[in-house]
Each structure stands twice: as structure tokens, then as C-alpha cells.
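Chemist: So here's start_10.txt (compact mmCIF, N, CA, C and O atoms).
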# COMPACT_ATOMS: atom_id res chain seq x y z
N MET A 1012 -76.68 8.72 15.77
CA MET A 1012 -75.66 9.16 14.83
C MET A 1012 -74.50 9.82 15.57
O MET A 1012 -73.35 9.58 15.22
N GLY A 1013 -74.81 10.65 16.57
CA GLY A 1013 -73.77 11.35 17.33
C GLY A 1013 -72.88 10.39 18.09
O GLY A 1013 -71.66 10.60 18.20
N VAL A 1014 -73.45 9.34 18.65
CA VAL A 1014 -72.68 8.36 19.41
C VAL A 1014 -71.73 7.60 18.48
O VAL A 1014 -70.58 7.31 18.83
N ALA A 1015 -72.16 7.31 17.26
CA ALA A 1015 -71.32 6.60 16.30
C ALA A 1015 -70.13 7.46 15.89
O ALA A 1015 -69.01 6.96 15.74
N VAL A 1016 -70.34 8.76 15.74
CA VAL A 1016 -69.24 9.68 15.37
C VAL A 1016 -68.23 9.75 16.50
O VAL A 1016 -67.01 9.70 16.28
N ILE A 1017 -68.71 9.85 17.74
CA ILE A 1017 -67.81 9.91 18.89
C ILE A 1017 -67.03 8.60 19.03
O ILE A 1017 -65.82 8.59 19.27
N ALA A 1018 -67.71 7.47 18.88
CA ALA A 1018 -67.05 6.17 18.96
C ALA A 1018 -66.02 6.02 17.84
O ALA A 1018 -64.91 5.52 18.06
N GLY A 1019 -66.36 6.47 16.64
CA GLY A 1019 -65.42 6.41 15.52
C GLY A 1019 -64.19 7.27 15.77
O GLY A 1019 -63.06 6.87 15.47
N ALA A 1020 -64.39 8.47 16.33
CA ALA A 1020 -63.27 9.35 16.64
C ALA A 1020 -62.37 8.72 17.70
O ALA A 1020 -61.13 8.79 17.61
N CYS A 1021 -62.98 8.10 18.71
CA CYS A 1021 -62.19 7.43 19.76
C CYS A 1021 -61.38 6.28 19.17
O CYS A 1021 -60.20 6.11 19.51
N LEU A 1022 -61.98 5.49 18.31
CA LEU A 1022 -61.26 4.39 17.67
C LEU A 1022 -60.13 4.89 16.79
O LEU A 1022 -59.05 4.29 16.75
N LEU A 1023 -60.35 6.00 16.11
CA LEU A 1023 -59.31 6.59 15.27
C LEU A 1023 -58.13 7.06 16.11
O LEU A 1023 -56.96 6.81 15.77
N VAL A 1024 -58.40 7.69 17.24
CA VAL A 1024 -57.33 8.15 18.14
C VAL A 1024 -56.57 6.96 18.71
O VAL A 1024 -55.34 6.97 18.76
N LEU A 1025 -57.27 5.92 19.14
CA LEU A 1025 -56.61 4.72 19.65
C LEU A 1025 -55.74 4.06 18.59
O LEU A 1025 -54.64 3.59 18.87
N PHE A 1026 -56.22 4.01 17.35
CA PHE A 1026 -55.44 3.43 16.25
C PHE A 1026 -54.17 4.25 16.00
O PHE A 1026 -53.09 3.68 15.80
N MET A 1027 -54.27 5.57 16.04
CA MET A 1027 -53.11 6.44 15.81
C MET A 1027 -52.07 6.25 16.92
O MET A 1027 -50.87 6.21 16.66
N VAL A 1028 -52.52 6.13 18.16
CA VAL A 1028 -51.59 5.90 19.28
C VAL A 1028 -50.91 4.55 19.13
O VAL A 1028 -49.70 4.43 19.36
N LEU A 1029 -51.66 3.53 18.74
CA LEU A 1029 -51.09 2.20 18.57
C LEU A 1029 -50.05 2.18 17.46
O LEU A 1029 -48.97 1.59 17.62
N VAL A 1030 -50.32 2.83 16.34
CA VAL A 1030 -49.38 2.87 15.23
C VAL A 1030 -48.11 3.62 15.64
O VAL A 1030 -47.00 3.20 15.32
N LYS A 1031 -48.26 4.71 16.38
CA LYS A 1031 -47.10 5.48 16.82
C LYS A 1031 -46.23 4.63 17.75
O LYS A 1031 -45.01 4.63 17.65
N ARG A 1032 -46.87 3.90 18.66
CA ARG A 1032 -46.12 3.07 19.60
C ARG A 1032 -45.38 1.96 18.87
O ARG A 1032 -44.22 1.66 19.18
N LYS A 1033 -46.03 1.33 17.90
CA LYS A 1033 -45.39 0.25 17.14
C LYS A 1033 -44.20 0.78 16.35
O LYS A 1033 -43.16 0.14 16.27
N ALA A 1034 -44.35 1.96 15.76
CA ALA A 1034 -43.26 2.55 14.99
C ALA A 1034 -42.09 2.88 15.91
O ALA A 1034 -40.92 2.68 15.54
N GLU A 1035 -42.38 3.36 17.11
CA GLU A 1035 -41.33 3.68 18.06
C GLU A 1035 -40.59 2.42 18.50
O GLU A 1035 -39.35 2.42 18.58
N LEU A 1036 -41.31 1.34 18.75
CA LEU A 1036 -40.67 0.08 19.13
C LEU A 1036 -39.82 -0.48 18.00
O LEU A 1036 -38.71 -0.97 18.22
N PHE A 1037 -40.32 -0.39 16.78
CA PHE A 1037 -39.56 -0.88 15.62
C PHE A 1037 -38.29 -0.07 15.41
O PHE A 1037 -37.22 -0.63 15.15
N LEU A 1038 -38.39 1.24 15.53
CA LEU A 1038 -37.22 2.10 15.37
C LEU A 1038 -36.20 1.82 16.47
O LEU A 1038 -34.99 1.76 16.21
N ASN A 1039 -36.66 1.62 17.70
CA ASN A 1039 -35.77 1.30 18.81
C ASN A 1039 -35.06 -0.03 18.57
O ASN A 1039 -33.85 -0.15 18.79
N PHE A 1040 -35.78 -1.03 18.07
CA PHE A 1040 -35.19 -2.33 17.77
C PHE A 1040 -34.11 -2.19 16.69
O PHE A 1040 -33.02 -2.74 16.81
N CYS A 1041 -34.43 -1.44 15.62
CA CYS A 1041 -33.46 -1.27 14.53
C CYS A 1041 -32.21 -0.54 15.00
O CYS A 1041 -31.09 -0.90 14.62
N LEU A 1042 -32.38 0.45 15.84
CA LEU A 1042 -31.24 1.20 16.35
C LEU A 1042 -30.35 0.30 17.22
O LEU A 1042 -29.12 0.33 17.09
N ARG A 1043 -30.97 -0.52 18.07
CA ARG A 1043 -30.17 -1.44 18.91
C ARG A 1043 -29.47 -2.49 18.05
O ARG A 1043 -28.33 -2.85 18.34
N ALA A 1044 -30.11 -2.95 16.99
CA ALA A 1044 -29.49 -3.95 16.11
C ALA A 1044 -28.28 -3.36 15.38
O ALA A 1044 -27.23 -4.00 15.28
N VAL A 1045 -28.41 -2.13 14.90
CA VAL A 1045 -27.29 -1.49 14.20
C VAL A 1045 -26.15 -1.21 15.17
O VAL A 1045 -24.97 -1.48 14.86
N MET A 1046 -26.46 -0.71 16.35
CA MET A 1046 -25.40 -0.45 17.34
C MET A 1046 -24.76 -1.77 17.79
O MET A 1046 -23.56 -1.81 18.04
N GLY A 1047 -25.54 -2.84 17.87
CA GLY A 1047 -24.98 -4.14 18.21
C GLY A 1047 -24.04 -4.65 17.15
O GLY A 1047 -22.98 -5.20 17.45
N ALA A 1048 -24.40 -4.45 15.88
CA ALA A 1048 -23.52 -4.88 14.78
C ALA A 1048 -22.22 -4.09 14.80
O ALA A 1048 -21.14 -4.66 14.58
N ILE A 1049 -22.32 -2.80 15.06
CA ILE A 1049 -21.10 -1.96 15.14
C ILE A 1049 -20.23 -2.41 16.30
O ILE A 1049 -19.00 -2.50 16.19
N SER A 1050 -20.85 -2.72 17.46
CA SER A 1050 -20.06 -3.17 18.61
C SER A 1050 -19.41 -4.52 18.35
O SER A 1050 -18.27 -4.74 18.74
N ILE A 1051 -20.15 -5.44 17.71
CA ILE A 1051 -19.58 -6.75 17.40
C ILE A 1051 -18.38 -6.58 16.46
O ILE A 1051 -17.33 -7.20 16.65
N TYR A 1052 -18.52 -5.72 15.47
CA TYR A 1052 -17.42 -5.49 14.53
C TYR A 1052 -16.20 -4.92 15.27
O TYR A 1052 -15.06 -5.36 15.05
N GLY A 1053 -16.45 -3.95 16.15
CA GLY A 1053 -15.34 -3.34 16.89
C GLY A 1053 -14.67 -4.31 17.84
O GLY A 1053 -13.43 -4.36 17.92
N VAL A 1054 -15.44 -5.10 18.55
CA VAL A 1054 -14.85 -6.08 19.49
C VAL A 1054 -14.11 -7.16 18.71
O VAL A 1054 -13.04 -7.60 19.14
N ASN A 1055 -14.64 -7.56 17.56
CA ASN A 1055 -13.92 -8.55 16.74
C ASN A 1055 -12.57 -8.00 16.28
O ASN A 1055 -11.58 -8.72 16.29
N LEU A 1056 -12.53 -6.74 15.89
CA LEU A 1056 -11.26 -6.13 15.49
C LEU A 1056 -10.29 -6.06 16.67
O LEU A 1056 -9.09 -6.33 16.52
N LEU A 1057 -10.81 -5.70 17.83
CA LEU A 1057 -9.97 -5.61 19.02
C LEU A 1057 -9.41 -6.98 19.41
O LEU A 1057 -8.21 -7.11 19.70
N LEU A 1058 -10.25 -7.99 19.40
CA LEU A 1058 -9.79 -9.34 19.74
C LEU A 1058 -8.80 -9.87 18.70
O LEU A 1058 -7.84 -10.58 19.04
N ALA A 1059 -9.01 -9.53 17.43
CA ALA A 1059 -8.07 -9.97 16.38
C ALA A 1059 -6.72 -9.29 16.55
O ALA A 1059 -5.68 -9.91 16.31
N SER A 1060 -6.71 -8.03 16.97
CA SER A 1060 -5.43 -7.35 17.16
C SER A 1060 -4.67 -7.90 18.36
O SER A 1060 -3.46 -7.85 18.40
N TRP A 1061 -5.40 -8.43 19.34
CA TRP A 1061 -4.76 -9.08 20.49
C TRP A 1061 -4.51 -10.56 20.23
O TRP A 1061 -4.07 -11.27 21.14
N GLU A 1062 -4.84 -11.04 19.05
CA GLU A 1062 -4.67 -12.43 18.63
C GLU A 1062 -5.42 -13.41 19.53
O GLU A 1062 -4.92 -14.48 19.88
N ILE A 1063 -6.64 -13.04 19.90
CA ILE A 1063 -7.52 -13.92 20.67
C ILE A 1063 -8.54 -14.50 19.69
O ILE A 1063 -9.31 -13.76 19.10
N PRO A 1064 -8.55 -15.81 19.51
CA PRO A 1064 -9.44 -16.41 18.50
C PRO A 1064 -10.88 -16.60 18.98
O PRO A 1064 -11.44 -17.69 18.90
N CYS A 1065 -11.48 -15.57 19.47
CA CYS A 1065 -12.87 -15.63 19.95
C CYS A 1065 -13.64 -14.51 19.25
O CYS A 1065 -13.52 -13.34 19.62
N SER A 1066 -14.40 -14.88 18.23
CA SER A 1066 -15.12 -13.84 17.49
C SER A 1066 -16.57 -14.27 17.28
O SER A 1066 -16.91 -15.44 17.34
N VAL A 1067 -17.42 -13.28 17.07
CA VAL A 1067 -18.84 -13.50 16.83
C VAL A 1067 -19.14 -13.00 15.43
O VAL A 1067 -18.73 -11.90 15.05
N GLY A 1068 -19.84 -13.80 14.66
CA GLY A 1068 -20.21 -13.39 13.31
C GLY A 1068 -21.40 -12.44 13.32
O GLY A 1068 -22.25 -12.48 14.22
N ILE A 1069 -21.46 -11.58 12.33
CA ILE A 1069 -22.60 -10.68 12.18
C ILE A 1069 -23.56 -11.35 11.20
O ILE A 1069 -23.33 -11.38 10.01
N ASN A 1070 -24.63 -11.91 11.74
CA ASN A 1070 -25.64 -12.58 10.93
C ASN A 1070 -27.02 -12.28 11.50
O ASN A 1070 -27.15 -11.46 12.41
N LEU A 1071 -28.02 -12.91 10.97
CA LEU A 1071 -29.39 -12.63 11.39
C LEU A 1071 -29.60 -12.95 12.87
O LEU A 1071 -30.25 -12.18 13.59
N CYS A 1072 -29.04 -14.05 13.34
CA CYS A 1072 -29.22 -14.44 14.74
C CYS A 1072 -28.58 -13.42 15.68
O CYS A 1072 -29.17 -13.04 16.69
N SER A 1073 -27.37 -12.98 15.37
CA SER A 1073 -26.70 -12.01 16.24
C SER A 1073 -27.39 -10.65 16.18
O SER A 1073 -27.48 -9.95 17.19
N LEU A 1074 -27.93 -10.27 15.02
CA LEU A 1074 -28.66 -9.00 14.93
C LEU A 1074 -29.97 -9.05 15.69
O LEU A 1074 -30.36 -8.08 16.35
N LEU A 1075 -30.66 -10.19 15.63
CA LEU A 1075 -31.90 -10.34 16.40
C LEU A 1075 -31.62 -10.32 17.90
O LEU A 1075 -32.37 -9.73 18.68
N THR A 1076 -30.53 -10.97 18.30
CA THR A 1076 -30.18 -10.99 19.72
C THR A 1076 -29.81 -9.61 20.22
O THR A 1076 -30.29 -9.16 21.26
N SER A 1077 -28.97 -8.90 19.47
CA SER A 1077 -28.57 -7.56 19.92
C SER A 1077 -29.72 -6.57 19.79
O SER A 1077 -29.83 -5.64 20.58
N GLY A 1078 -30.60 -6.75 18.81
CA GLY A 1078 -31.75 -5.87 18.68
C GLY A 1078 -32.76 -6.06 19.78
O GLY A 1078 -33.39 -5.12 20.25
N THR A 1079 -32.92 -7.29 20.24
CA THR A 1079 -33.88 -7.58 21.30
C THR A 1079 -33.32 -7.24 22.67
O THR A 1079 -33.99 -6.60 23.48
N LEU A 1080 -32.09 -7.65 22.95
CA LEU A 1080 -31.53 -7.50 24.29
C LEU A 1080 -30.60 -6.31 24.44
O LEU A 1080 -30.23 -5.98 25.56
N GLY A 1081 -30.16 -5.70 23.36
CA GLY A 1081 -29.27 -4.56 23.45
C GLY A 1081 -27.84 -4.99 23.74
O GLY A 1081 -27.37 -6.02 23.27
N PHE A 1082 -27.14 -4.19 24.55
CA PHE A 1082 -25.74 -4.47 24.85
C PHE A 1082 -25.58 -5.78 25.61
O PHE A 1082 -24.58 -6.48 25.44
N SER A 1083 -26.55 -6.11 26.45
CA SER A 1083 -26.46 -7.38 27.16
C SER A 1083 -26.54 -8.57 26.19
O SER A 1083 -25.96 -9.62 26.45
N GLY A 1084 -27.22 -8.41 25.07
CA GLY A 1084 -27.26 -9.45 24.05
C GLY A 1084 -25.91 -9.65 23.39
O GLY A 1084 -25.51 -10.77 23.10
N VAL A 1085 -25.20 -8.53 23.14
CA VAL A 1085 -23.86 -8.62 22.56
C VAL A 1085 -22.93 -9.33 23.55
O VAL A 1085 -22.13 -10.20 23.18
N THR A 1086 -23.06 -8.98 24.82
CA THR A 1086 -22.26 -9.64 25.85
C THR A 1086 -22.58 -11.12 25.92
O THR A 1086 -21.68 -11.96 26.07
N LEU A 1087 -23.85 -11.47 25.81
CA LEU A 1087 -24.26 -12.88 25.80
C LEU A 1087 -23.64 -13.62 24.62
O LEU A 1087 -23.18 -14.76 24.77
N LEU A 1088 -23.63 -13.01 23.44
CA LEU A 1088 -23.03 -13.66 22.27
C LEU A 1088 -21.55 -13.93 22.49
O LEU A 1088 -21.04 -15.01 22.13
N TYR A 1089 -20.83 -12.97 23.08
CA TYR A 1089 -19.41 -13.19 23.34
C TYR A 1089 -19.20 -14.20 24.47
O TYR A 1089 -18.21 -14.94 24.46
N ALA A 1090 -20.11 -14.27 25.42
CA ALA A 1090 -20.00 -15.29 26.48
C ALA A 1090 -20.18 -16.68 25.88
O ALA A 1090 -19.45 -17.62 26.26
N ILE A 1091 -21.11 -16.83 24.96
CA ILE A 1091 -21.31 -18.13 24.30
C ILE A 1091 -20.08 -18.48 23.46
O ILE A 1091 -19.62 -19.64 23.47
N ALA A 1092 -19.53 -17.50 22.76
CA ALA A 1092 -18.32 -17.75 21.95
C ALA A 1092 -17.13 -18.11 22.83
O ALA A 1092 -16.34 -18.99 22.48
N ALA A 1093 -17.00 -17.45 23.98
CA ALA A 1093 -15.90 -17.75 24.89
C ALA A 1093 -16.08 -19.14 25.51
O ALA A 1093 -15.10 -19.87 25.70
N PHE A 1094 -17.32 -19.51 25.81
CA PHE A 1094 -17.57 -20.84 26.37
C PHE A 1094 -17.22 -21.92 25.34
O PHE A 1094 -16.65 -22.96 25.70
N ARG A 1095 -17.53 -21.67 24.09
CA ARG A 1095 -17.17 -22.61 23.04
C ARG A 1095 -15.65 -22.68 22.86
O ARG A 1095 -15.10 -23.72 22.54
N PHE A 1096 -14.99 -21.56 23.07
CA PHE A 1096 -13.53 -21.47 22.95
C PHE A 1096 -12.83 -22.29 24.02
O PHE A 1096 -11.79 -22.87 23.80
N LEU A 1097 -13.44 -22.32 25.23
CA LEU A 1097 -12.84 -23.07 26.33
C LEU A 1097 -12.97 -24.54 26.05
O LEU A 1097 -12.25 -25.37 26.28
So that I can check it, write out the structure of this file as C-alpha cells.

Modeler:
Amino acid sequence: MGVAVIAGACLLVLFMVLVKRKAELFLNFCLRAVMGAISIYGVNLLLASWEIPCSVGINLCSLLTSGTLGFSGVTLLYAIAAFRFL
């Protein structure tokens, strides 16, 4: 009986650590996606004011890219848009 209680407590602690880590990763992803959307919006405004017709849309694909890769993902999206522009 004592071994089962100790094993159950260990499993409970491992489950709590796993849930905390997953929540932290999800929050980090959401924060990067929101910051990526804000950066895309700002760069689009800047390029429009300079009359450069190279813009990236804010959609699910761009949010997933910026959420996964961060600022380098936003840079990648603009590199793809610039390559298409050429």
C-alpha cells in the first residue's frame, strides 16, 4: 500500500510539471504570434508609406510562422514576399 501511495505521488508531481511546461510553451507561442502580427502590421505600414509594394498578409499561416520561429519567421515571410516581388 505504501509503495502505491509513493508511486501515485510521484506520478502526480510529474503530471503537474508536464502541464506547467506545456502551458509555458503555449503562452510563449501565443506571445510570439501576437508580437509577429504587430510587427507585420508595422512593417506593412512602413513599406506602404515608402510606396514599396511588398506586403505580407496577417493570416493563419503568417501567425503560425511567426509564432513558431519568432522574429526570424517574420523576416522569412518578408523574404518570400520580396522574392515574389522580384

Chemist: Taking 3 positions as the minimum chain separation for residues in the same chain, which residues sit within 12 Å of A:Cys1065 when counting only C-alpha atoms? Answer as a ChimeraX atom specification.

Modeler: /A:1051,1054-1062,1068,1088-1097

Chemist: Record the distance separating atom N of A:Leu1080 and atom C of A:Leu1042, expressed in Å with one decimal.

Modeler: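 It comes out at 10.0 Å.
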
Chemist: Hey, what's within 7 Å of A:Phe1040 if we count all atoms listed in the file and toss same-chain stuff fewer than 5 positions away? As a PDB file with N, CA, C and O atoms, keeping the file's coordinate frame, please?

Modeler:
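The result, written out as around-v8.pdb:
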ATOM      1  N   ALA A1034     -44.350   1.960  15.760  1.00  0.00           N
ATOM      2  CA  ALA A1034     -43.260   2.550  14.990  1.00  0.00           C
ATOM      3  C   ALA A1034     -42.090   2.880  15.910  1.00  0.00           C
ATOM      4  O   ALA A1034     -40.920   2.680  15.540  1.00  0.00           O
ATOM      5  N   GLU A1035     -42.380   3.360  17.110  1.00  0.00           N
ATOM      6  CA  GLU A1035     -41.330   3.680  18.060  1.00  0.00           C
ATOM      7  C   GLU A1035     -40.590   2.420  18.500  1.00  0.00           C
ATOM      8  O   GLU A1035     -39.350   2.420  18.580  1.00  0.00           O
ATOM      9  N   VAL A1045     -28.410  -2.130  14.900  1.00  0.00           N
ATOM     10  CA  VAL A1045     -27.290  -1.490  14.200  1.00  0.00           C
ATOM     11  C   VAL A1045     -26.150  -1.210  15.170  1.00  0.00           C
ATOM     12  O   VAL A1045     -24.970  -1.480  14.860  1.00  0.00           O
ATOM     13  N   MET A1046     -26.460  -0.710  16.350  1.00  0.00           N
ATOM     14  CA  MET A1046     -25.400  -0.450  17.340  1.00  0.00           C
ATOM     15  C   MET A1046     -24.760  -1.770  17.790  1.00  0.00           C
ATOM     16  O   MET A1046     -23.560  -1.810  18.040  1.00  0.00           O
ATOM     17  N   LEU A1074     -27.930 -10.270  15.020  1.00  0.00           N
ATOM     18  CA  LEU A1074     -28.660  -9.000  14.930  1.00  0.00           C
ATOM     19  C   LEU A1074     -29.970  -9.050  15.690  1.00  0.00           C
ATOM     20  O   LEU A1074     -30.360  -8.080  16.350  1.00  0.00           O
ATOM     21  N   SER A1077     -28.970  -8.900  19.470  1.00  0.00           N
ATOM     22  CA  SER A1077     -28.570  -7.560  19.920  1.00  0.00           C
ATOM     23  C   SER A1077     -29.720  -6.570  19.790  1.00  0.00           C
ATOM     24  O   SER A1077     -29.830  -5.640  20.580  1.00  0.00           O
ATOM     25  N   GLY A1078     -30.600  -6.750  18.810  1.00  0.00           N
ATOM     26  CA  GLY A1078     -31.750  -5.870  18.680  1.00  0.00           C
ATOM     27  C   GLY A1078     -32.760  -6.060  19.780  1.00  0.00           C
ATOM     28  O   GLY A1078     -33.390  -5.120  20.250  1.00  0.00           O
ATOM     29  N   THR A1079     -32.920  -7.290  20.240  1.00  0.00           N
ATOM     30  CA  THR A1079     -33.880  -7.580  21.300  1.00  0.00           C
ATOM     31  C   THR A1079     -33.320  -7.240  22.670  1.00  0.00           C
ATOM     32  O   THR A1079     -33.990  -6.600  23.480  1.00  0.00           O
TER      33      THR A1079
END

Chemist: A:Leu1036, A:Leu1075, A:Leu1022, A:Val1085: which is nearest A:Ser1050, counting only N, CA, C and O atoms?

Modeler: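 Ranking A:Leu1036, A:Leu1075, A:Leu1022, A:Val1085 by distance to A:Ser1050, first place goes to A:Val1085.
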
Chemist: To one decimal place in Å, what is the distance between atom CA of A:Gly1081 and atom CA of A:Phe1037?

Modeler: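 Distance between the two atoms: 13.4 Å.
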